[in-house]
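First up is the structure itself, then whatever we jot down about it.
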Amino acid sequence: MHLDSLYQEIILDHYRNPAGNGLQDKFSGEAFHINTSCGDEVKVRVLVQDATISQMSHVGVGCSISRASASILHDLTKGVSVVEFNRLLDEFVNLMHSQGKMIPDEQILGDAAAFAGVSKYPARVKCALLPWMAMKEAIEGDSRE
Amino acid sequence: MSFDLADSVLDDFPILHRRVRGNQKLVYLDSAATSQKPTEVIEAVSNYYETTNATIHRSGHELGELASAAYESARANVASFVGVESGNLVFTKNATESINLIAYAILNATLLNSKDTNLYRKYALKADDEIWLTEMEHHANLVPWQHLSKVTGAKLKYIAVSEDGELQFDANQITRKAKIIAVTHQSNVLGTINNIAEISKVANLNNALLILDACQSVPHLPTNFAELGVAAAAWSGHKMLGPTGIGLLYLRNDLLTELPPFLFGGNMIENVTFEQSTFRSDNGRFEAGTMNIAQAVGLSAAVDYLKNVGMTKIHGHESALIKYALSELLQMPGIRVLGPRSADNRGGIVSFEVNGVHPHDVSQFLDAKGIAVRAGHHCAWPLHRKIGAVASTRASFYLYNTKQDVTDFLDALSQVRKYFKVV
Ligand SMILES: Cc1ncc(COP(=O)(O)O)c(C=O)c1O
């Protein structure tokens, strides 16, 4: 079934056992984003120290795509510099806007490469991007940076 | 219970024979969002452009006369369909515009009243006044009133919705302070059909304007606004087999002749000088600029089609479908049905939650099997919050849905939780 390219096993695994779920008390920036078309929401906290992300945590309600995306983001950005995060973000946004035509670089995107199938479903791209955009804002909102 | 109607009309709807998501049969269960169109409507629109097209009311040539006649006869046809005079019917682009038209007309009445004239006193809102809505309103019948409340200071009040999706209307809550009561005839999420006659009595007793959102009733139930005793009613052509781009607004005589305009420009005027203008006193006052003429003609063909089939028959068919769907859904493990448990006071709409699977994922799964349902808050976000659902999945039926459509939907739905491994 076509559907399996969207709902890859990795995505469903993250959905059922999201990493980084539950807000950490120590954080330098925080953002709350909402998907206005469905009401899905995510709150992201980041702890940035010396321009490096030492920790990302999140809570939210949402579909498998948006929840798995937050979980994968948590794993992918641990110990990553802010500069590197922005590069990952660009790469992920490009993938999401590729309408299924881009082959993701697993070396760079890790588990997030599993979202390639999402880009074929325009209505779901927002779901995958929701935690990324919240994290971007949480990092930028950190005034001490 | 008979499900025969769909078989006799299916061939009239070309789109229902196309294939989707590969080579699968389309099962269209999203008519509450928009309905599909029969050949008669599609042809009426193209025929209008091929034989009649001109602007209305302003062209002296033959085409202009024909176009004006087609437009006005469409108006008369739609008006008689809902039991009102054609002079009381205004064409707009959709229900959302119709509701905004009244809200802005009342806002204009409020602004003009505070200047120099007594003309609009009756409609002008003060800080003490109340605008009543229900907790089950579509954003279209909620956000415009929030704006009106914000600008005029009139208070927003809500008729509560019970656990099982019924209005908890208490006549004692409505006093002389209530100036507007805006209510949906049928909820686009819960399927609840509201008792408008009861609210109408109380509204009229207190001199409040009862404004009906008829988006989900006119396409599905025999509806008569004169009998319901409402001051105004708004609905959309595209949900009743008509084209997009055509909406309707019924205005009772007092509102029709007394409310100030909303949109200003061509056609709606009586006399224009460099300094000022006066406005028409008929329904033309609310139809500024070139209207959606072809769409009005298409809508008229839709009304003919619906009349021909018969609204009682259509309602009966949808009742049979919802009864079947509801009885199965209520027994399906992991499904929480929103709205009334009984099919008696329900239109052909059912929204539900699937335990452990988000509505987006449910609808994506069904879509992969060619089944088109809708996921989200269905433009009733506050209602979803109230009933403790982030969002829901909605299946909605119309005259062309077969019993097999519902069976296909139920079969697919019963596999969803397994696919997402939550059972
Ligand atoms: C109950 C109800 N009210 C209002 C609307 C708005 O209709 P439209 O988008 O055609 O203006 C809809 C449909 O979406 C509806 O179901």
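How things are named: the first chain in the structure tokens is A, the next is B, and so on; residues count from 1 in each chain; ligands count from 1 in the order shown.
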Which residues are close to stretch 99-103 of chain A, i.e. within 9 Å by only C-alpha atoms, leaving aside same-chain residues fewer than 6 positions away? Reply as a list in words.
Ala113, Ala116, Gly117, Val118, Ser119, Lys120, Tyr121 and Pro122 of chain A
For ligand 1, return the neighbouring residues as a PyMOL selection string (distance at most 9 Å; only C-alpha atoms and all ligand atoms).
chain B and resi 32-34+93-99+136-141+184-189+213-217+234-239+244-247+378-380
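Among the candidates A:Glu137, A:Glu30, A:Glu41, A:Glu84, the one nearest to A:Arg67 when counting only C-alpha atoms is A:Glu41.
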In Å, rounded to a single decimal, give me how far atom CA of B:Pro260 is from atom CA of B:Tyr123.
9.7 Å
Using backbone DSSP assignments, extract all helix (DSSP H, G or I) residues from stretch 88-203 of chain B; output them as number ranges by chain.
B: 88, 95-113, 139-141, 143-152, 171-173, 196-203
Taking only C-alpha atoms into account, which of B:Gly83, B:Ser277, B:Glu62, B:Leu321 comes nearest B:Arg252?
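Closest residue, counting only C-alpha atoms: B:Gly83.
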With a cut-off of 8 Å, could you pull out the residues of chain A touching chain B and give me the nearest pair of atoms for each, distance in Å to one decimal, using only C-alpha atoms, ordered by chain and ascending number, as a Markdown table?
| residue | atom | partner | partner_atom | distance |
| --- | --- | --- | --- | --- |
| A:Met1 | CA | B:Ala368 | CA | 7.9 |
| A:His2 | CA | B:Ala368 | CA | 7.3 |
| A:Leu3 | CA | B:Ala368 | CA | 6.4 |
| A:Leu12 | CA | B:Phe420 | CA | 7.1 |
| A:Ser37 | CA | B:Gly376 | CA | 6.6 |
| A:Cys38 | CA | B:Gly376 | CA | 4.2 |
| A:Gly39 | CA | B:Val390 | CA | 6.2 |
| A:Asp40 | CA | B:Val390 | CA | 7.0 |
| A:Val61 | CA | B:Val390 | CA | 7.6 |
| A:Gly62 | CA | B:His358 | CA | 6.6 |
| A:Cys63 | CA | B:His358 | CA | 4.8 |
| A:Ser64 | CA | B:Asp361 | CA | 6.9 |
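Take the candidates A:Leu6, A:Ile34, A:Ala51, A:Leu73 and check each one against A:Pro18 using only C-alpha atoms; the shortest distance goes to A:Leu73.
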For atom CA of B:Val350 and atom CA of B:Glu163, the interatomic separation in Å (one decimal):
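Interatomic distance here is 15.3 Å.
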Considering only C-alpha atoms, return as an MDAnalysis selection string whatever protein or nucleic-acid residues lie within 10 Å of A:Glu140, sequence-local ones (same chain, fewer than 5 positions apart) excluded.
chainID A and resid 29:31 82 134:135 145
Would you save the residues of that selection, restricted to C-alpha atoms, as a PDB file, in the first residue's frame?
ATOM      1  CA  GLY A  29      14.094  29.371  25.074  1.00  0.00           C
ATOM      2  CA  GLU A  30      10.549  28.184  24.588  1.00  0.00           C
ATOM      3  CA  ALA A  31       7.924  28.349  21.839  1.00  0.00           C
ATOM      4  CA  VAL A  82      22.883  26.285  16.474  1.00  0.00           C
ATOM      5  CA  ALA A 134       8.623  25.807  17.099  1.00  0.00           C
ATOM      6  CA  MET A 135      12.199  24.787  17.863  1.00  0.00           C
ATOM      7  CA  GLU A 145      22.346  33.951  22.506  1.00  0.00           C
TER       8      GLU A 145
END
